[in-house]
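Here is the file upload.cif (mmCIF, C-alpha atoms and all ligand atoms).
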```cif
data_query
loop_
_atom_site.label_atom_id
_atom_site.label_comp_id
_atom_site.auth_asym_id
_atom_site.auth_seq_id
_atom_site.Cartn_x
_atom_site.Cartn_y
_atom_site.Cartn_z
CA MET A 1 0.00 0.00 0.00
CA LYS A 2 1.16 3.49 -0.80
CA ARG A 3 -1.33 5.47 1.28
CA ILE A 4 -3.32 4.61 4.38
CA GLY A 5 -5.76 6.45 6.68
CA VAL A 6 -6.24 6.51 10.42
CA LEU A 7 -9.23 7.51 12.53
CA THR A 8 -10.32 7.42 16.16
CA SER A 9 -13.94 6.75 16.96
CA GLY A 10 -16.39 6.26 19.85
CA GLY A 11 -15.52 7.21 23.43
CA ASP A 12 -11.98 8.55 23.59
CA SER A 13 -9.38 6.84 25.76
CA PRO A 14 -5.98 7.92 27.07
CA GLY A 15 -3.34 6.55 24.73
CA MET A 16 -5.29 7.07 21.50
CA ASN A 17 -2.85 9.85 20.62
CA ALA A 18 0.10 7.53 21.19
CA ALA A 19 -1.57 5.01 18.86
CA VAL A 20 -2.12 7.66 16.14
CA ARG A 21 1.51 8.67 16.50
CA ALA A 22 2.64 5.05 16.12
CA VAL A 23 0.51 4.56 13.00
CA VAL A 24 1.83 7.74 11.37
CA ARG A 25 5.48 7.20 12.26
CA GLN A 26 5.50 3.48 11.43
CA ALA A 27 3.82 4.08 8.08
CA ILE A 28 6.20 6.89 7.10
CA TYR A 29 9.13 4.72 8.27
CA GLN A 30 7.93 2.11 5.79
CA GLY A 31 7.49 4.66 2.99
CA ILE A 32 3.70 4.79 3.21
CA GLU A 33 1.77 8.08 3.24
CA VAL A 34 -0.78 8.63 6.02
CA TYR A 35 -3.98 10.62 6.05
CA GLY A 36 -5.84 11.51 9.23
CA VAL A 37 -9.61 11.18 9.16
CA TYR A 38 -10.96 13.76 11.64
CA GLN A 39 -14.09 13.30 13.83
CA GLY A 40 -14.38 9.54 13.43
CA TYR A 41 -16.83 8.06 10.95
CA ASN A 42 -18.64 11.42 10.74
CA GLY A 43 -15.49 12.95 9.31
CA LEU A 44 -15.06 9.98 7.00
CA ILE A 45 -18.52 10.48 5.52
CA ASN A 46 -17.96 14.24 5.20
CA GLY A 47 -14.44 13.96 3.81
CA ASN A 48 -12.71 15.66 6.75
CA ILE A 49 -9.41 14.11 5.75
CA LYS A 50 -5.92 15.65 5.85
CA LYS A 51 -2.41 14.45 5.20
CA LEU A 52 -0.30 13.80 8.31
CA GLU A 53 3.46 14.27 8.43
CA LEU A 54 6.04 13.17 11.00
CA GLY A 55 5.68 16.52 12.77
CA SER A 56 1.85 16.31 12.85
CA VAL A 57 2.12 13.78 15.65
CA GLY A 58 4.96 15.43 17.58
CA ASP A 59 4.35 16.24 21.24
CA ILE A 60 1.19 14.14 21.59
CA ILE A 61 2.41 10.85 23.08
CA HIS A 62 1.75 12.10 26.60
CA ARG A 63 -1.59 13.77 25.94
CA GLY A 64 -5.03 12.34 26.73
CA GLY A 65 -7.92 12.62 24.28
CA THR A 66 -7.36 12.33 20.56
CA MET A 67 -5.88 14.90 18.19
CA LEU A 68 -8.07 13.44 15.44
CA TYR A 69 -11.22 14.12 17.50
CA THR A 70 -13.90 11.49 17.77
CA ALA A 71 -17.63 11.03 17.43
CA ARG A 72 -20.43 8.54 17.69
CA CYS A 73 -21.96 8.30 14.23
CA GLU A 74 -25.44 6.91 13.59
CA GLU A 75 -25.20 7.37 9.80
CA PHE A 76 -22.25 5.02 9.57
CA LYS A 77 -24.45 2.20 10.86
CA THR A 78 -26.29 2.34 7.52
CA LYS A 79 -25.10 0.86 4.20
CA GLU A 80 -25.41 4.29 2.57
CA GLY A 81 -23.17 5.86 5.21
CA GLN A 82 -20.59 3.11 4.79
CA GLN A 83 -20.63 3.50 1.00
CA LYS A 84 -20.13 7.26 1.36
CA GLY A 85 -17.14 6.53 3.59
CA ILE A 86 -15.59 4.19 1.06
CA GLU A 87 -16.12 6.76 -1.71
CA GLN A 88 -14.26 9.37 0.36
CA LEU A 89 -11.38 6.98 0.99
CA LYS A 90 -11.15 6.16 -2.71
CA LYS A 91 -11.38 9.83 -3.66
CA HIS A 92 -8.32 10.50 -1.47
CA GLY A 93 -6.46 7.48 -2.87
CA ILE A 94 -6.42 5.82 0.56
CA GLU A 95 -5.98 2.07 0.20
CA GLY A 96 -6.42 0.89 3.80
CA LEU A 97 -7.71 2.27 7.10
CA VAL A 98 -6.64 1.89 10.73
CA VAL A 99 -9.59 2.30 13.09
CA ILE A 100 -8.75 3.02 16.73
CA GLY A 101 -11.69 2.62 19.10
CA GLY A 102 -14.03 0.34 20.98
CA ASP A 103 -16.92 -1.91 20.16
CA GLY A 104 -18.91 0.48 17.93
CA SER A 105 -15.77 1.48 16.02
CA TYR A 106 -14.96 -2.17 15.41
CA ARG A 107 -18.45 -2.71 14.04
CA GLY A 108 -17.80 0.09 11.55
CA ALA A 109 -14.46 -1.48 10.57
CA LYS A 110 -16.16 -4.85 10.22
CA ALA A 111 -18.81 -3.32 7.93
CA LEU A 112 -16.10 -1.78 5.72
CA THR A 113 -14.30 -5.13 5.63
CA GLU A 114 -17.48 -6.88 4.54
CA LEU A 115 -17.81 -4.33 1.74
CA GLY A 116 -14.32 -5.32 0.59
CA TYR A 117 -12.36 -2.36 2.01
CA PRO A 118 -9.19 -3.27 4.02
CA CYS A 119 -9.39 -2.12 7.64
CA VAL A 120 -7.47 -2.96 10.79
CA GLY A 121 -9.01 -2.44 14.24
CA VAL A 122 -6.89 -1.21 17.14
CA PRO A 123 -8.60 -1.58 20.56
CA GLY A 124 -8.89 1.82 22.25
CA THR A 125 -11.39 2.09 25.11
CA ILE A 126 -11.29 2.41 28.87
CA ASP A 127 -13.83 -0.43 29.11
CA ASN A 128 -11.38 -3.27 28.31
CA ASP A 129 -14.27 -5.08 26.65
CA ILE A 130 -12.89 -5.89 23.20
CA PRO A 131 -12.57 -9.58 22.34
CA GLY A 132 -9.17 -10.70 21.00
CA THR A 133 -7.02 -8.67 23.37
CA GLU A 134 -6.28 -8.92 27.07
CA TYR A 135 -5.94 -5.15 27.38
CA THR A 136 -7.30 -2.17 25.52
CA ILE A 137 -5.55 1.18 25.18
CA GLY A 138 -6.72 3.49 27.97
CA PHE A 139 -7.80 0.85 30.46
CA ASP A 140 -4.67 1.13 32.60
CA THR A 141 -4.86 4.94 32.75
CA ALA A 142 -8.56 4.91 33.63
CA LEU A 143 -7.86 2.29 36.28
CA ASN A 144 -5.20 4.48 37.85
CA THR A 145 -7.58 7.45 37.78
CA VAL A 146 -10.20 5.39 39.60
CA ILE A 147 -7.62 4.19 42.16
CA ASP A 148 -6.54 7.76 42.79
CA ALA A 149 -10.18 8.69 43.43
CA ILE A 150 -10.78 5.69 45.70
CA ASP A 151 -7.69 6.50 47.77
CA LYS A 152 -9.00 10.01 48.29
CA ILE A 153 -12.51 8.83 49.06
CA ARG A 154 -11.03 6.39 51.58
CA ASP A 155 -9.51 9.30 53.54
CA THR A 156 -12.84 11.03 54.02
CA ALA A 157 -14.67 7.71 54.48
CA THR A 158 -12.31 6.90 57.37
CA SER A 159 -12.62 10.33 58.98
CA HIS A 160 -16.40 10.21 58.94
CA GLU A 161 -16.70 6.42 59.47
CA ARG A 162 -18.91 6.21 56.41
CA THR A 163 -19.80 3.75 53.70
CA PHE A 164 -19.12 5.07 50.22
CA ILE A 165 -20.50 3.83 46.94
CA VAL A 166 -18.32 4.58 43.92
CA GLU A 167 -19.86 4.24 40.46
CA VAL A 168 -17.37 3.51 37.69
CA MET A 169 -17.71 3.31 33.91
CA GLY A 170 -17.21 0.20 31.77
CA ARG A 171 -20.37 0.00 29.66
CA ASN A 172 -21.53 -3.64 29.98
CA ALA A 173 -18.18 -4.92 31.26
CA GLY A 174 -17.02 -5.16 34.86
CA ASP A 175 -13.26 -5.00 34.25
CA LEU A 176 -12.73 -1.44 35.41
CA ALA A 177 -14.83 -2.05 38.54
CA LEU A 178 -13.14 -5.35 39.32
CA TRP A 179 -9.55 -4.18 38.86
CA ALA A 180 -10.24 -0.93 40.71
CA GLY A 181 -11.97 -2.78 43.52
CA LEU A 182 -9.11 -5.22 43.90
CA ALA A 183 -6.40 -2.56 43.67
CA GLY A 184 -8.34 -0.14 45.87
CA GLY A 185 -9.20 -2.66 48.58
CA ALA A 186 -12.96 -2.28 48.18
CA GLU A 187 -15.17 -4.37 50.46
CA THR A 188 -17.71 -5.14 47.75
CA ILE A 189 -17.59 -5.01 43.96
CA LEU A 190 -20.70 -5.20 41.80
CA ILE A 191 -20.10 -6.29 38.22
CA PRO A 192 -22.55 -7.09 35.43
CA GLU A 193 -20.99 -10.52 34.97
CA ASP A 194 -22.31 -11.72 38.34
CA ASN A 195 -25.61 -11.43 40.17
CA HIS A 196 -25.27 -9.64 43.45
CA ASP A 197 -26.91 -10.86 46.60
CA MET A 198 -28.09 -7.99 48.79
CA GLU A 199 -28.26 -10.23 51.86
CA ASP A 200 -24.64 -11.25 51.41
CA ILE A 201 -23.57 -7.62 50.93
CA ALA A 202 -25.48 -6.56 54.05
CA SER A 203 -24.03 -9.37 56.14
CA ARG A 204 -20.45 -8.55 54.99
CA LEU A 205 -20.98 -4.90 55.95
CA LYS A 206 -22.38 -5.96 59.32
CA LYS A 207 -19.49 -8.35 60.00
CA GLY A 208 -17.03 -5.58 59.15
CA GLN A 209 -18.72 -3.20 61.56
CA GLU A 210 -18.72 -5.85 64.30
CA ARG A 211 -14.99 -6.30 64.06
CA GLY A 212 -14.49 -2.55 64.37
CA LYS A 213 -14.27 -1.53 60.73
CA LYS A 214 -14.90 2.19 60.49
CA HIS A 215 -15.67 2.58 56.82
CA SER A 216 -16.50 0.63 53.67
CA ILE A 217 -16.07 1.19 49.96
CA ILE A 218 -18.42 -0.43 47.48
CA ILE A 219 -17.66 -0.24 43.77
CA VAL A 220 -20.60 -0.42 41.39
CA ALA A 221 -20.00 -0.92 37.67
CA GLU A 222 -22.37 1.28 35.64
CA GLY A 223 -23.48 -1.86 33.76
CA VAL A 224 -25.13 -3.13 36.96
CA MET A 225 -27.03 0.00 37.97
CA SER A 226 -26.28 3.55 39.01
CA GLY A 227 -24.54 4.26 42.31
CA ASN A 228 -27.59 6.21 43.50
CA GLU A 229 -29.92 3.35 42.66
CA PHE A 230 -27.74 0.97 44.61
CA ALA A 231 -27.54 3.36 47.57
CA ALA A 232 -31.36 3.44 47.71
CA LYS A 233 -31.55 -0.37 47.62
CA LEU A 234 -28.92 -0.71 50.32
CA LYS A 235 -30.75 1.81 52.48
CA GLU A 236 -33.94 -0.18 52.07
CA ALA A 237 -32.20 -3.44 53.01
CA THR A 238 -29.99 -2.20 55.86
CA ASN A 239 -31.10 1.32 56.75
CA LEU A 240 -27.46 2.28 56.17
CA GLU A 241 -26.75 5.90 55.27
CA THR A 242 -24.15 6.12 52.48
CA ARG A 243 -22.49 8.67 50.22
CA VAL A 244 -22.31 8.16 46.48
CA SER A 245 -19.49 9.24 44.17
CA VAL A 246 -20.05 9.03 40.42
CA LEU A 247 -16.62 9.30 38.80
CA GLY A 248 -17.99 9.89 35.29
CA HIS A 249 -15.93 11.25 32.41
CA ILE A 250 -12.91 12.03 34.59
CA GLN A 251 -12.11 8.37 33.92
CA ARG A 252 -11.67 9.06 30.22
CA GLY A 253 -9.15 11.87 30.50
CA GLY A 254 -5.60 12.48 31.61
CA SER A 255 -2.11 11.71 30.46
CA PRO A 256 -1.76 8.03 29.51
CA THR A 257 0.29 5.79 31.78
CA ALA A 258 3.58 4.37 30.50
CA SER A 259 1.86 1.04 30.07
CA ASP A 260 -0.84 2.54 27.81
CA ARG A 261 1.72 4.48 25.77
CA VAL A 262 3.76 1.34 25.17
CA LEU A 263 0.66 -0.72 24.35
CA ALA A 264 -0.59 1.96 21.94
CA SER A 265 2.81 2.18 20.24
CA ARG A 266 2.99 -1.58 19.75
CA LEU A 267 -0.60 -2.04 18.58
CA GLY A 268 -0.55 0.99 16.25
CA SER A 269 2.66 -0.20 14.62
CA HIS A 270 1.35 -3.74 14.24
CA ALA A 271 -1.76 -2.43 12.48
CA VAL A 272 0.44 -0.68 9.92
CA ASP A 273 2.54 -3.84 9.43
CA LEU A 274 -0.62 -5.76 8.58
CA LEU A 275 -1.84 -3.21 6.04
CA ALA A 276 1.66 -3.02 4.54
CA GLU A 277 1.52 -6.79 4.05
CA GLY A 278 -1.88 -6.37 2.39
CA ARG A 279 -3.64 -8.05 5.31
CA GLY A 280 -6.79 -6.01 5.92
CA GLY A 281 -9.85 -7.23 7.82
CA ARG A 282 -7.83 -7.83 11.00
CA ALA A 283 -8.08 -6.74 14.63
CA VAL A 284 -4.87 -6.42 16.62
CA GLY A 285 -4.43 -7.24 20.28
CA ILE A 286 -2.09 -8.27 23.03
CA GLU A 287 -2.05 -11.70 24.64
CA LYS A 288 0.53 -12.88 27.16
CA ASN A 289 2.46 -9.73 26.23
CA GLN A 290 2.72 -10.83 22.58
CA LEU A 291 1.14 -9.03 19.64
CA VAL A 292 -1.67 -10.99 18.03
CA ASP A 293 -4.19 -10.38 15.28
CA TYR A 294 -7.48 -11.93 14.35
CA ASP A 295 -9.97 -11.81 11.54
CA ILE A 296 -12.09 -8.82 12.61
CA ILE A 297 -15.35 -10.59 11.85
CA GLU A 298 -14.33 -13.61 13.96
CA ALA A 299 -12.96 -11.37 16.72
CA LEU A 300 -16.26 -9.54 17.04
CA ALA A 301 -18.18 -12.81 17.12
CA LYS A 302 -16.25 -13.80 20.28
CA GLU A 303 -17.20 -12.54 23.69
CA HIS A 304 -14.97 -10.56 25.98
CA VAL A 305 -14.44 -12.68 29.10
CA LEU A 306 -13.84 -11.16 32.51
CA ASP A 307 -11.37 -12.99 34.74
CA LEU A 308 -13.68 -14.64 37.26
CA ASN A 309 -10.70 -15.94 39.30
CA MET A 310 -9.80 -12.36 39.98
CA TYR A 311 -13.35 -11.68 41.07
CA LYS A 312 -13.16 -14.66 43.44
CA LEU A 313 -9.86 -13.32 44.79
CA SER A 314 -11.36 -9.89 45.41
CA LYS A 315 -14.01 -11.55 47.59
CA GLU A 316 -11.47 -13.64 49.46
CA LEU A 317 -9.31 -10.63 50.25
CA SER A 318 -12.16 -8.42 51.42
CA ILE A 319 -13.57 -10.67 54.15
O1 LIG A 401 -16.99 3.28 26.08
C1 LIG A 401 -16.42 4.25 26.89
C2 LIG A 401 -17.45 4.88 27.79
O2 LIG A 401 -16.82 5.84 28.60
C3 LIG A 401 -18.25 3.91 28.66
O3 LIG A 401 -17.54 3.48 29.78
C4 LIG A 401 -19.48 4.72 28.96
O4 LIG A 401 -20.57 3.87 29.21
C5 LIG A 401 -19.68 5.51 27.70
O5 LIG A 401 -18.45 5.53 27.02
C6 LIG A 401 -20.16 6.94 27.91
O6 LIG A 401 -20.39 7.50 26.68
P1 LIG A 401 -20.60 9.07 26.42
O7 LIG A 401 -19.27 9.73 26.56
O8 LIG A 401 -21.11 9.12 25.03
O9 LIG A 401 -21.54 9.54 27.46
#
```
Reformat the file's structure so that it appears as structure tokens.
Amino acid sequence: MKRIGVLTSGGDSPGMNAAVRAVVRQAIYQGIEVYGVYQGYNGLINGNIKKLELGSVGDIIHRGGTMLYTARCEEFKTKEGQQKGIEQLKKHGIEGLVVIGGDGSYRGAKALTELGYPCVGVPGTIDNDIPGTEYTIGFDTALNTVIDAIDKIRDTATSHERTFIVEVMGRNAGDLALWAGLAGGAETILIPEDNHDMEDIASRLKKGQERGKKHSIIIVAEGVMSGNEFAAKLKEATNLETRVSVLGHIQRGGSPTASDRVLASRLGSHAVDLLAEGRGGRAVGIEKNQLVDYDIIEALAKEHVLDLNMYKLSKELSI
């Protein structure tokens, strides 16, 4: 390929910039021109496409967000929208596209692949819910943001001897909640992958209080219910007064951790290698610290699996 494109789509995640940088630099290193598609699939449909040079991606490796901007695009879910996108790519002489994003972005890349256009998906989302990779770009940074918040909440929870409920993002996946709960020493973690038992939660809280525990932290993944909803249910079951903290979009911002920058650099470069070899229709990932790639259609047919052993461990350690 002589010319490729790159776009970021869906919810942004810290490290997307590092991935864009890797795509641009790796492509130019291999003698391939790169065009940036701005504003995700919206920009693709509207032809918001500009050439990127080595310097276009200077000074972004440490920045959160995405220099290419992003969007959620309803029109691209339609065949007409996808055709318009392909026409724009052809008009600009772009022979292959790297799509950095989460589930919805992958579905767009899959649609383009099915229409015969070579695409490679790079997993970028704080949710860590993409099949075919153990980690997604942005998950580690978001996790550290949540941990920072929990540590702070713990201070005030201890001072006031309170129970706090912390609602974290993750869409339908419990990864962020589980990892944050384990790393933050939460007493209870509610994830969508498991049914919670209010009686068990109440009895754990009671046992903690009996042995002199002054505070508790409960993490609720947004895929289960909202923190406020859970607080109301807990109040009904135990009459316990709580405070709720909804971390929200803070989890999506901030400078990417070293781990996310390295992951983004490796995955972005691998995506370019695949296109350079003429291997479109792939999704890249990391497994056992090795780069992998899968047929994007097969990858999306798989389900992301949360590590239930880790969930079991979190319960064992929070007795
Ligand atoms: O997919 C990333 C994510 O932050 C999810 O965790 C969350 O459910 C969703 O995006 C929020 O989307 P929006 O920014 O459109 O409100």
Check which residues of chain A sit at most 9 Å from ligand LIG 401 (chain A) using only C-alpha atoms and all ligand atoms, and return one row each with the closest pair of atoms and their distance in Å to one decimal, ordered by chain and rising number, as a tab-separated table.
```
residue	atom	partner	partner_atom	distance
A:Gly10	CA	A:LIG401	O1	6.9
A:Gly11	CA	A:LIG401	C1	4.6
A:Asp12	CA	A:LIG401	C1	7.0
A:Ser13	CA	A:LIG401	C1	7.6
A:Ala71	CA	A:LIG401	O8	8.6
A:Arg72	CA	A:LIG401	O8	7.4
A:Gly101	CA	A:LIG401	O1	8.8
A:Gly102	CA	A:LIG401	O1	6.6
A:Asp103	CA	A:LIG401	O1	7.9
A:Gly104	CA	A:LIG401	O1	8.8
A:Thr125	CA	A:LIG401	C1	5.8
A:Ile126	CA	A:LIG401	C1	5.8
A:Asp127	CA	A:LIG401	O3	5.4
A:Asn128	CA	A:LIG401	O1	8.9
A:Asp129	CA	A:LIG401	O1	8.8
A:Val168	CA	A:LIG401	O3	7.9
A:Met169	CA	A:LIG401	O3	4.1
A:Gly170	CA	A:LIG401	O3	3.9
A:Arg171	CA	A:LIG401	O4	3.9
A:Asn172	CA	A:LIG401	O4	7.6
A:Ala173	CA	A:LIG401	O3	8.6
A:Leu176	CA	A:LIG401	O3	8.9
A:Glu222	CA	A:LIG401	O4	7.2
A:Gly223	CA	A:LIG401	O4	7.9
A:Gly248	CA	A:LIG401	O2	7.9
A:His249	CA	A:LIG401	O2	6.7
A:Gln251	CA	A:LIG401	O2	7.5
A:Arg252	CA	A:LIG401	O2	6.3
```
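Using only C-alpha atoms, the nearest neighbour of Gly212 (chain A) within the list A:Thr158, A:Asn239, A:Gln26, A:Gln39 is A:Thr158.
Using all atoms listed in the file, the smallest distance between any of A:Ala27, A:Val284, A:Val224, A:Val292 and Gly124 (chain A) comes from A:Val284.
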Produce a table with one row for each residue of region 5-32 of chain A that has an atom at most 8 Å from any atom of region 51-61 of chain A, each row naming the nearest atom pair and its distance in Å at one decimal; use all atoms listed in the file; arrange rows by chain and rising residue number; format as a tab-separated table.
```
residue	atom	partner	partner_atom	distance
A:Gly15	CA	A:Ile61	CA	7.4
A:Asn17	CA	A:Ile61	CA	5.9
A:Ala18	CA	A:Ile61	CA	4.5
A:Val20	CA	A:Val57	CA	7.5
A:Arg21	CA	A:Val57	CA	5.2
A:Val24	CA	A:Leu54	CA	6.9
A:Arg25	CA	A:Leu54	CA	6.1
A:Ile28	CA	A:Leu54	CA	7.4
```
Open item on the list: Applying 9 Å and only C-alpha atoms, which residues near Leu7 (chain A) remain after dropping the ones on its own chain fewer than 3 positions away? List them as a list in words.
Closed with: Val20, Tyr35, Gly36, Val37, Tyr38, Gln39, Gly40, Tyr41, Gly43, Leu44, Leu68, Tyr69, Thr70, Leu97, Val98, Val99, Ile100 and Gly101 of chain A
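With only C-alpha atoms as the atoms that count, the minimum distance from Glu193 (chain A) to the choices A:His92, A:His304, A:His62, A:Arg162 is reached by A:His304.
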Open item on the list: I'd like the contact shell of region 79-85 of chain A - 9 Å cut-off, all atoms listed in the file, skipping same-chain residues fewer than 6 positions apart - returned as a list of chain:residue names.
Closed with: A:Tyr41, A:Asn42, A:Gly43, A:Leu44, A:Ile45, A:Asn46, A:Gly47, A:Gly108, A:Ala111, A:Leu112, A:Leu115
Atoms kept (C-alpha atoms) for selection, written as a PDB file, in the coordinates of the input:
```
ATOM      1  CA  TYR A  41     -16.830   8.060  10.950  1.00  0.00           C
ATOM      2  CA  ASN A  42     -18.640  11.420  10.740  1.00  0.00           C
ATOM      3  CA  GLY A  43     -15.490  12.950   9.310  1.00  0.00           C
ATOM      4  CA  LEU A  44     -15.060   9.980   7.000  1.00  0.00           C
ATOM      5  CA  ILE A  45     -18.520  10.480   5.520  1.00  0.00           C
ATOM      6  CA  ASN A  46     -17.960  14.240   5.200  1.00  0.00           C
ATOM      7  CA  GLY A  47     -14.440  13.960   3.810  1.00  0.00           C
ATOM      8  CA  GLY A 108     -17.800   0.090  11.550  1.00  0.00           C
ATOM      9  CA  ALA A 111     -18.810  -3.320   7.930  1.00  0.00           C
ATOM     10  CA  LEU A 112     -16.100  -1.780   5.720  1.00  0.00           C
ATOM     11  CA  LEU A 115     -17.810  -4.330   1.740  1.00  0.00           C
TER      12      LEU A 115
END
```
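Here CA of Lys315 (chain A) is placed at a distance of 7.4 Å from CA of Thr188 (chain A).
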Open item on the list: If we count all atoms listed in the file and set the cut-off at 12 Å, which residues sit around Ala301 (chain A), ignoring sequence neighbours fewer than 2 positions away in its own chain? Please answer as a ChimeraX atom specification.
Closed with: /A:103,106-107,110,130-132,294-299,303-304
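Here CA of Ala180 (chain A) stands at a distance of 12.2 Å from CA of Leu247 (chain A).
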At most 6 Å from (-1.0, 4.7, 9.1), file frame, all atoms listed in the file: which residues, as a CSV table (one decimal) with C-alpha atoms, keeping the file's coordinate frame?
```csv
chain,number,residue,atom,x,y,z
A,4,ILE,CA,-3.3,4.6,4.4
A,5,GLY,CA,-5.8,6.4,6.7
A,6,VAL,CA,-6.2,6.5,10.4
A,23,VAL,CA,0.5,4.6,13.0
A,24,VAL,CA,1.8,7.7,11.4
A,27,ALA,CA,3.8,4.1,8.1
A,34,VAL,CA,-0.8,8.6,6.0
A,272,VAL,CA,0.4,-0.7,9.9
```
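Comparing A:Thr8, A:Phe139, A:Arg282, A:Ile191 by their smallest distance to Tyr117 (chain A), the closest is A:Arg282 (using only C-alpha atoms).
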- [ ] Between A:Asp140, A:Glu199, A:Glu87, A:Glu95, single out the one closest to Thr257 (chain A), counting only C-alpha atoms.
- [x] A:Asp140
Task: Atom pair CA of Ala183 (chain A) / CA of Thr133 (chain A): separation (Å) - done: 21.2 Å
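Among the candidate residues A:Ile49, A:Leu190, A:Ala157, A:Met67, the one lying nearest to Lys91 (chain A) is A:Ile49, with distances computed using all atoms listed in the file.
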Using only C-alpha atoms, give me every residue within 12 Å of (-28.4, 8.7, 42.2) in file coordinates, as a CSV table (one decimal) with C-alpha atoms, keeping the file's coordinate frame.
```csv
chain,number,residue,atom,x,y,z
A,165,ILE,CA,-20.5,3.8,46.9
A,166,VAL,CA,-18.3,4.6,43.9
A,167,GLU,CA,-19.9,4.2,40.5
A,222,GLU,CA,-22.4,1.3,35.6
A,225,MET,CA,-27.0,0.0,38.0
A,226,SER,CA,-26.3,3.6,39.0
A,227,GLY,CA,-24.5,4.3,42.3
A,228,ASN,CA,-27.6,6.2,43.5
A,229,GLU,CA,-29.9,3.4,42.7
A,230,PHE,CA,-27.7,1.0,44.6
A,231,ALA,CA,-27.5,3.4,47.6
A,232,ALA,CA,-31.4,3.4,47.7
A,233,LYS,CA,-31.6,-0.4,47.6
A,242,THR,CA,-24.2,6.1,52.5
A,243,ARG,CA,-22.5,8.7,50.2
A,244,VAL,CA,-22.3,8.2,46.5
A,245,SER,CA,-19.5,9.2,44.2
A,246,VAL,CA,-20.0,9.0,40.4
```
Near Ala186 (chain A), counting all atoms listed in the file, which residues have an atom at most 9 Å away, once you skip same-chain residues fewer than 6 positions from it, shown as a PDB file with C-alpha atoms, keeping the file's coordinate frame?
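Saved file part-v1.pdb follows:
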```
ATOM      1  CA  ILE A 150     -10.780   5.690  45.700  1.00  0.00           C
ATOM      2  CA  ALA A 180     -10.240  -0.930  40.710  1.00  0.00           C
ATOM      3  CA  SER A 216     -16.500   0.630  53.670  1.00  0.00           C
ATOM      4  CA  ILE A 217     -16.070   1.190  49.960  1.00  0.00           C
ATOM      5  CA  ILE A 218     -18.420  -0.430  47.480  1.00  0.00           C
ATOM      6  CA  ILE A 219     -17.660  -0.240  43.770  1.00  0.00           C
ATOM      7  CA  SER A 314     -11.360  -9.890  45.410  1.00  0.00           C
ATOM      8  CA  SER A 318     -12.160  -8.420  51.420  1.00  0.00           C
TER       9      SER A 318
END
```
